[in-house]
$ cat entry_30.txt   # compact mmCIF, C-alpha atoms (C1' of nucleotides)
# COMPACT_ATOMS: atom_id res chain seq x y z
CA MET A 1 17.76 -31.84 -36.34
CA SER A 2 14.44 -30.24 -37.30
CA ILE A 3 11.60 -29.63 -34.86
CA GLN A 4 9.63 -32.32 -36.65
CA ASP A 5 12.43 -34.85 -36.25
CA ASN A 6 12.63 -33.97 -32.62
CA LYS A 7 8.95 -34.63 -32.12
CA ILE A 8 9.19 -37.94 -33.89
CA GLU A 9 12.16 -39.05 -31.81
CA ALA A 10 10.35 -38.05 -28.63
CA GLU A 11 7.41 -40.18 -29.62
CA MET A 12 9.61 -43.14 -30.52
CA ASN A 13 11.39 -42.82 -27.19
CA ARG A 14 8.24 -43.54 -25.28
CA GLY A 15 8.34 -47.03 -23.90
CA PHE A 16 11.87 -47.52 -25.10
CA LEU A 17 13.45 -45.21 -22.53
CA GLN A 18 11.93 -47.16 -19.69
CA ILE A 19 13.35 -50.38 -21.05
CA MET A 20 16.78 -48.80 -21.47
CA VAL A 21 16.80 -47.41 -17.93
CA LEU A 22 15.54 -50.65 -16.42
CA LEU A 23 18.24 -52.59 -18.23
CA ALA A 24 21.03 -50.15 -17.43
CA LEU A 25 20.16 -50.06 -13.73
CA GLU A 26 21.08 -53.67 -13.27
CA THR A 27 24.22 -51.85 -12.16
CA PRO A 28 23.50 -49.04 -9.66
CA MET A 29 24.07 -45.58 -11.10
CA TYR A 30 23.15 -41.99 -10.40
CA GLY A 31 21.53 -39.75 -12.97
CA TYR A 32 24.48 -37.89 -14.32
CA MET A 33 26.50 -41.07 -14.52
CA MET A 34 23.76 -42.71 -16.55
CA LEU A 35 23.70 -39.84 -19.00
CA ARG A 36 27.34 -40.49 -19.80
CA PHE A 37 26.85 -44.24 -19.84
CA ILE A 38 24.04 -43.93 -22.37
CA GLU A 39 26.22 -41.79 -24.62
CA GLU A 40 28.95 -44.41 -24.41
CA ILE A 41 26.73 -47.20 -25.62
CA GLY A 42 25.63 -45.12 -28.57
CA TYR A 43 22.36 -43.46 -27.66
CA SER A 44 21.60 -39.93 -26.56
CA ILE A 45 19.17 -38.56 -24.04
CA GLU A 46 18.63 -35.15 -22.48
CA GLU A 47 19.10 -34.34 -18.81
CA ASN A 48 15.56 -32.96 -19.07
CA THR A 49 14.35 -36.36 -20.08
CA LEU A 50 16.29 -38.73 -17.89
CA TYR A 51 15.75 -37.16 -14.47
CA PRO A 52 11.95 -37.23 -14.64
CA ILE A 53 12.03 -40.85 -15.78
CA LEU A 54 14.19 -41.87 -12.85
CA ARG A 55 11.86 -40.09 -10.45
CA ARG A 56 8.82 -41.69 -11.99
CA LEU A 57 10.15 -45.23 -12.08
CA ASP A 58 11.33 -44.81 -8.51
CA LYS A 59 7.88 -43.63 -7.48
CA ASN A 60 6.38 -46.66 -9.25
CA GLY A 61 8.56 -48.91 -7.15
CA TRP A 62 10.44 -50.18 -10.19
CA LEU A 63 13.64 -48.58 -8.94
CA SER A 64 15.05 -48.03 -5.48
CA SER A 65 17.21 -45.05 -4.63
CA ARG A 66 19.63 -43.96 -1.96
CA TRP A 67 21.64 -40.77 -1.46
CA ASP A 68 25.38 -41.04 -1.35
CA VAL A 69 26.51 -38.06 0.71
CA GLU A 70 29.88 -39.42 1.72
CA HIS A 71 31.88 -38.52 -1.35
CA ASP A 72 31.99 -35.22 -3.14
CA ARG A 73 28.61 -33.73 -3.94
CA PRO A 74 25.48 -35.70 -2.99
CA LYS A 75 24.51 -38.24 -5.63
CA LYS A 76 21.30 -40.19 -5.86
CA TYR A 77 22.00 -43.79 -6.76
CA TYR A 78 19.26 -45.85 -8.37
CA LYS A 79 18.96 -49.55 -9.01
CA ILE A 80 16.27 -51.83 -10.33
CA THR A 81 13.94 -53.59 -7.86
CA GLU A 82 12.43 -57.05 -8.15
CA GLU A 83 9.18 -55.46 -9.27
CA GLY A 84 11.17 -53.50 -11.82
CA LYS A 85 12.60 -56.73 -13.16
CA MET A 86 9.13 -58.15 -13.63
CA ILE A 87 8.00 -55.04 -15.46
CA ARG A 88 11.15 -55.09 -17.56
CA LYS A 89 10.40 -58.63 -18.60
CA LYS A 90 6.89 -57.63 -19.59
CA LEU A 91 8.06 -54.60 -21.53
CA LEU A 92 10.65 -56.66 -23.37
CA SER A 93 8.11 -59.27 -24.34
CA ILE A 94 5.76 -56.64 -25.72
CA ARG A 95 8.63 -55.13 -27.64
CA GLN A 96 9.59 -58.51 -29.04
CA LYS A 97 6.05 -59.18 -30.16
CA GLN A 98 6.00 -55.81 -31.91
CA ASP A 99 9.29 -56.55 -33.62
CA GLY A 100 7.77 -59.77 -34.92
CA ILE A 101 4.86 -57.83 -36.42
CA ILE A 102 7.19 -55.29 -37.97
CA SER A 103 9.38 -57.87 -39.64
CA LYS A 104 6.34 -59.72 -40.94
CA LEU A 105 4.94 -56.53 -42.49
CA LEU A 106 8.33 -55.44 -43.72
CA LYS A 107 8.68 -58.66 -45.65
CA GLU A 108 5.43 -57.98 -47.47
CA VAL A 109 6.43 -54.41 -48.28
CA ASN A 110 9.74 -55.52 -49.73
CA ASN A 111 8.26 -58.34 -51.74
CA GLY A 112 5.15 -56.47 -52.90
CA MET B 1 -5.61 -58.01 -18.44
CA SER B 2 -5.19 -55.72 -15.42
CA ILE B 3 -5.50 -51.94 -15.58
CA GLN B 4 -1.78 -51.67 -14.98
CA ASP B 5 -0.99 -53.99 -17.89
CA ASN B 6 -3.28 -51.98 -20.06
CA LYS B 7 -1.45 -48.76 -19.23
CA ILE B 8 1.88 -50.37 -19.95
CA GLU B 9 0.72 -51.71 -23.29
CA ALA B 10 -0.66 -48.32 -24.23
CA GLU B 11 2.68 -46.76 -23.51
CA MET B 12 4.56 -49.40 -25.46
CA ASN B 13 2.20 -48.94 -28.37
CA ARG B 14 3.29 -45.36 -28.82
CA GLY B 15 5.48 -45.05 -31.84
CA PHE B 16 4.95 -48.66 -32.74
CA LEU B 17 1.38 -48.23 -33.89
CA GLN B 18 2.41 -45.61 -36.40
CA ILE B 19 5.00 -47.93 -37.85
CA MET B 20 2.51 -50.76 -38.07
CA VAL B 21 -0.10 -48.62 -39.79
CA LEU B 22 2.41 -47.12 -42.21
CA LEU B 23 3.65 -50.59 -43.14
CA ALA B 24 0.20 -52.11 -43.47
CA LEU B 25 -1.06 -49.31 -45.69
CA GLU B 26 1.31 -50.22 -48.45
CA THR B 27 -1.92 -51.94 -49.52
CA PRO B 28 -4.93 -49.60 -49.40
CA MET B 29 -7.39 -50.45 -46.63
CA TYR B 30 -10.23 -48.89 -44.71
CA GLY B 31 -10.33 -48.75 -40.93
CA TYR B 32 -12.49 -51.70 -40.12
CA MET B 33 -10.64 -53.85 -42.64
CA MET B 34 -7.34 -52.96 -40.99
CA LEU B 35 -8.64 -53.97 -37.58
CA ARG B 36 -9.28 -57.46 -38.89
CA PHE B 37 -6.00 -57.52 -40.77
CA ILE B 38 -4.06 -56.63 -37.64
CA GLU B 39 -5.76 -59.43 -35.73
CA GLU B 40 -4.84 -61.84 -38.49
CA ILE B 41 -1.17 -61.06 -38.30
CA GLY B 42 -1.19 -61.58 -34.55
CA TYR B 43 -1.57 -58.17 -32.92
CA SER B 44 -4.60 -56.51 -31.38
CA ILE B 45 -5.75 -52.94 -31.39
CA GLU B 46 -8.94 -51.19 -30.35
CA GLU B 47 -11.32 -49.41 -32.69
CA ASN B 48 -10.89 -46.51 -30.27
CA THR B 49 -7.23 -46.49 -30.99
CA LEU B 50 -6.98 -47.13 -34.70
CA TYR B 51 -9.46 -44.57 -36.00
CA PRO B 52 -7.79 -41.58 -34.37
CA ILE B 53 -4.39 -42.73 -35.66
CA LEU B 54 -5.66 -42.96 -39.20
CA ARG B 55 -7.16 -39.47 -38.97
CA ARG B 56 -3.98 -38.06 -37.52
CA LEU B 57 -1.61 -39.63 -40.01
CA ASP B 58 -3.92 -38.52 -42.79
CA LYS B 59 -3.89 -34.98 -41.43
CA ASN B 60 -0.09 -35.12 -41.28
CA GLY B 61 0.00 -35.97 -44.96
CA TRP B 62 1.52 -39.39 -44.29
CA LEU B 63 -1.60 -41.09 -45.59
CA SER B 64 -4.05 -40.21 -48.31
CA SER B 65 -7.71 -41.14 -48.14
CA ARG B 66 -10.71 -41.48 -50.40
CA TRP B 67 -14.30 -42.46 -49.77
CA ASP B 68 -15.69 -45.48 -51.54
CA VAL B 69 -19.42 -44.88 -51.72
CA GLU B 70 -20.14 -47.23 -54.58
CA HIS B 71 -20.40 -50.49 -52.70
CA ASP B 72 -22.42 -51.17 -49.63
CA ARG B 73 -21.85 -48.69 -46.82
CA PRO B 74 -19.38 -45.85 -47.34
CA LYS B 75 -15.83 -46.86 -46.52
CA LYS B 76 -12.83 -44.61 -46.15
CA TYR B 77 -9.80 -46.11 -47.86
CA TYR B 78 -6.34 -45.02 -46.75
CA LYS B 79 -2.96 -45.59 -48.29
CA ILE B 80 0.55 -44.42 -47.53
CA THR B 81 1.92 -41.34 -49.32
CA GLU B 82 5.47 -40.67 -50.45
CA GLU B 83 5.97 -38.47 -47.41
CA GLY B 84 4.60 -41.28 -45.31
CA LYS B 85 7.21 -43.60 -46.77
CA MET B 86 9.97 -41.22 -45.80
CA ILE B 87 8.66 -40.95 -42.26
CA ARG B 88 8.28 -44.71 -42.11
CA LYS B 89 11.91 -45.12 -43.06
CA LYS B 90 12.94 -42.70 -40.34
CA LEU B 91 10.79 -44.40 -37.72
CA LEU B 92 12.17 -47.79 -38.66
CA SER B 93 15.74 -46.59 -38.40
CA ILE B 94 15.13 -45.13 -34.94
CA ARG B 95 13.53 -48.38 -33.90
CA GLN B 96 16.46 -50.35 -35.22
CA LYS B 97 18.91 -48.20 -33.34
CA GLN B 98 16.91 -48.74 -30.15
CA ASP B 99 16.87 -52.48 -30.74
CA GLY B 100 20.65 -52.36 -30.98
CA ILE B 101 20.89 -50.63 -27.63
CA ILE B 102 18.49 -53.09 -26.04
CA SER B 103 20.40 -56.13 -27.22
CA LYS B 104 23.67 -54.62 -26.10
CA LEU B 105 22.28 -53.99 -22.60
CA LEU B 106 20.52 -57.32 -22.50
CA LYS B 107 23.79 -59.09 -23.12
CA GLU B 108 25.33 -57.39 -20.09
CA VAL B 109 22.35 -58.23 -17.91
CA ASN B 110 22.48 -61.88 -18.87
CA ASN B 111 26.24 -62.18 -18.45
CA GLY B 112 26.41 -60.10 -15.26
C1' DA C 1 38.12 -15.26 -10.56
C1' DC C 2 35.12 -17.03 -13.82
C1' DA C 3 33.38 -20.46 -17.00
C1' DA C 4 32.11 -25.01 -17.65
C1' DA C 5 31.02 -29.39 -15.84
C1' DT C 6 28.67 -31.80 -12.30
C1' DG C 7 24.37 -33.15 -10.01
C1' DC C 8 20.13 -32.37 -8.67
C1' DT C 9 14.82 -30.30 -7.93
C1' DG C 10 10.13 -28.58 -9.37
C1' DT C 11 6.55 -27.33 -12.49
C1' DA C 12 4.57 -26.57 -17.33
C1' DT C 13 3.38 -28.13 -21.98
C1' DG C 14 1.97 -30.79 -25.94
C1' DA C 15 1.23 -35.13 -28.39
C1' DC C 16 -0.74 -39.37 -28.50
C1' DA C 17 -3.17 -43.87 -27.02
C1' DC C 18 -7.31 -44.78 -25.41
C1' DA C 19 -12.12 -43.84 -23.41
C1' DC C 20 -16.65 -42.63 -24.09
C1' DA C 21 -20.57 -41.22 -26.56
C1' DG C 22 -22.95 -41.08 -30.67
C1' DT C 23 -24.82 -42.26 -35.61
C1' DA C 24 -26.29 -45.31 -39.14
C1' DT C 25 -26.67 -49.44 -42.20
C1' DG C 26 -26.51 -54.56 -42.96
C1' DT C 27 -27.26 -59.41 -41.64
C1' DC C 28 -29.14 -63.27 -39.49
C1' DA C 29 -31.53 -66.08 -36.30
C1' DA C 30 -35.68 -66.76 -33.11
C1' DT D 1 -40.33 -58.61 -37.27
C1' DT D 2 -37.54 -57.58 -34.05
C1' DG D 3 -33.65 -57.34 -31.73
C1' DA D 4 -28.82 -58.54 -31.28
C1' DC D 5 -24.48 -58.25 -33.40
C1' DA D 6 -21.29 -56.92 -37.05
C1' DT D 7 -19.94 -53.24 -39.88
C1' DA D 8 -18.15 -48.48 -40.48
C1' DC D 9 -17.55 -44.27 -39.16
C1' DT D 10 -17.28 -39.23 -36.34
C1' DG D 11 -16.22 -36.08 -32.40
C1' DT D 12 -14.50 -34.84 -28.03
C1' DG D 13 -12.62 -35.88 -23.67
C1' DT D 14 -8.59 -37.62 -20.33
C1' DG D 15 -4.19 -39.15 -18.44
C1' DT D 16 0.58 -40.21 -19.07
C1' DC D 17 4.88 -39.34 -20.49
C1' DA D 18 8.98 -37.06 -23.05
C1' DT D 19 10.60 -32.84 -23.09
C1' DA D 20 11.03 -27.74 -21.94
C1' DC D 21 12.15 -24.34 -18.82
C1' DA D 22 13.77 -22.38 -14.63
C1' DG D 23 16.39 -22.70 -10.66
C1' DC D 24 20.14 -24.01 -7.15
C1' DA D 25 24.57 -25.48 -5.45
C1' DT D 26 29.27 -27.51 -5.65
C1' DT D 27 33.61 -28.71 -8.09
C1' DT D 28 37.16 -28.41 -11.56
C1' DG D 29 40.00 -26.35 -14.94
C1' DT D 30 42.30 -22.18 -16.75
$ encode --input "entry_30.txt" --output "structure tokens"
Amino acid sequence: MSIQDNKIEAEMNRGFLQIMVLLALETPMYGYMMLRFIEEIGYSIEENTLYPILRRLDKNGWLSSRWDVEHDRPKKYYKITEEGKMIRKKLLSIRQKQDGIISKLLKEVNNG
Amino acid sequence: MSIQDNKIEAEMNRGFLQIMVLLALETPMYGYMMLRFIEEIGYSIEENTLYPILRRLDKNGWLSSRWDVEHDRPKKYYKITEEGKMIRKKLLSIRQKQDGIISKLLKEVNNG
DNA sequence: ACAAATGCTGTATGACACACAGTATGTCAA
DNA sequence: TTGACATACTGTGTGTCATACAGCATTTGT
């Protein structure tokens, strides 16, 4: 992957990553677990990228977190909050609206 | 629209706006014309937002531009370049992949 | 015993959406 | 005829977020 590609992907990830995290955390997970989960469902995200998002969404009140210190190494479990669900809904509706615009424009490009 | 909503929309716009502009400029347009065009097809974008995008994509070589000084006030017409079309394709494919992830996760949320 | 995987934290950096300020012409109604 | 509003741009902030980079500690596999 070229540097340019990387930059483009980073830009395209904005907004999307939040939606993905907010959807995934319907089931409680800790960071490292999520990384593997995301790979499983066919996407890919860096440790560098995921941890700051979790912290930020937690700080926003869109996620709640608790430390599990009873098994193994300490793990920080996150799950979506009610506020997070409202935000998720909003984000999804914006995304849907955008998809509508894209398909409208795409039709014109293909028929032009 | 609250300040919070505004911030969220701005974030969701990232990546999307480039796609929209690159699709719209299959037909040459100048900035102000595009603003009205975008409203027509059901989206909304600020002058503040569109002009810098056009400049940036132009600078990247994804758009080409020429001044029309023959009619009325000077207008800067933009259209997509071949490189722009390649980028557009890439952006669309990333977007599509993301949409796939979202619908996969959404299914689990709704069935859970 | 040593590498690799696991599981996190904190701080820096760069790109982009958007804000704000500015410039100038054209149109239309009071 | 003047003043508001639409048209049509430019230039330079600012804040947020994805990602980079550095660090720390435990566990597992060989």
$ residues_around --input "entry_30.txt" --residues "region 9-26 of chain C" --least-positions-apart "2" --cutoff "9 Å" --atoms "only C-alpha atoms (C1' of nucleotides)" --output "MDAnalysis selection string"
(chainID A and resid 7 11) or (chainID B and resid 10:11 13:14 46 48:49 52:53 72:73) or (chainID D and resid 6:14 19:24)
$ residues_around --input "entry_30.txt" --residues "Lys97 (chain A)" --least-positions-apart "2" --cutoff "12 Å" --atoms "all atoms listed in the file" --output "PDB file with C-alpha atoms, in the frame of the given file"
ATOM      1  CA  LYS A  90       6.890 -57.630 -19.590  1.00  0.00           C
ATOM      2  CA  LEU A  91       8.060 -54.600 -21.530  1.00  0.00           C
ATOM      3  CA  LEU A  92      10.650 -56.660 -23.370  1.00  0.00           C
ATOM      4  CA  SER A  93       8.110 -59.270 -24.340  1.00  0.00           C
ATOM      5  CA  ILE A  94       5.760 -56.640 -25.720  1.00  0.00           C
ATOM      6  CA  ARG A  95       8.630 -55.130 -27.640  1.00  0.00           C
ATOM      7  CA  ASP A  99       9.290 -56.550 -33.620  1.00  0.00           C
ATOM      8  CA  GLY A 100       7.770 -59.770 -34.920  1.00  0.00           C
ATOM      9  CA  ILE A 101       4.860 -57.830 -36.420  1.00  0.00           C
ATOM     10  CA  ILE A 102       7.190 -55.290 -37.970  1.00  0.00           C
ATOM     11  CA  SER A 103       9.380 -57.870 -39.640  1.00  0.00           C
ATOM     12  CA  LYS A 104       6.340 -59.720 -40.940  1.00  0.00           C
TER      13      LYS A 104
ATOM     14  CA  GLU B   9       0.720 -51.710 -23.290  1.00  0.00           C
ATOM     15  CA  MET B  12       4.560 -49.400 -25.460  1.00  0.00           C
ATOM     16  CA  ASN B  13       2.200 -48.940 -28.370  1.00  0.00           C
ATOM     17  CA  PHE B  16       4.950 -48.660 -32.740  1.00  0.00           C
ATOM     18  CA  ILE B  41      -1.170 -61.060 -38.300  1.00  0.00           C
ATOM     19  CA  GLY B  42      -1.190 -61.580 -34.550  1.00  0.00           C
ATOM     20  CA  TYR B  43      -1.570 -58.170 -32.920  1.00  0.00           C
ATOM     21  CA  SER B  44      -4.600 -56.510 -31.380  1.00  0.00           C
TER      22      SER B  44
END
$ interface_residues --input "entry_30.txt" --of "chain B" --to "chain D" --cutoff "8 Å" --atoms "all atoms listed in the file" --output "NGL selection string"
:B and (31-32 or 73-75)
$ atom_distance --input "entry_30.txt" --atom1 "CA of Asp68 (chain A)" --atom2 "CA of Thr27 (chain A)"
15.3 Å
$ atom_distance --input "entry_30.txt" --atom1 "CA of Lys89 (chain B)" --atom2 "CA of Glu39 (chain B)"
23.9 Å
$ atom_distance --input "entry_30.txt" --atom1 "CA of Ser65 (chain A)" --atom2 "CA of Glu47 (chain A)"
17.9 Å
$ closest_residue --input "entry_30.txt" --among "B:Met33, B:Leu57, B:Ile80, B:Ile8" --to "chain A" --atoms "all atoms listed in the file"
B:Ile8
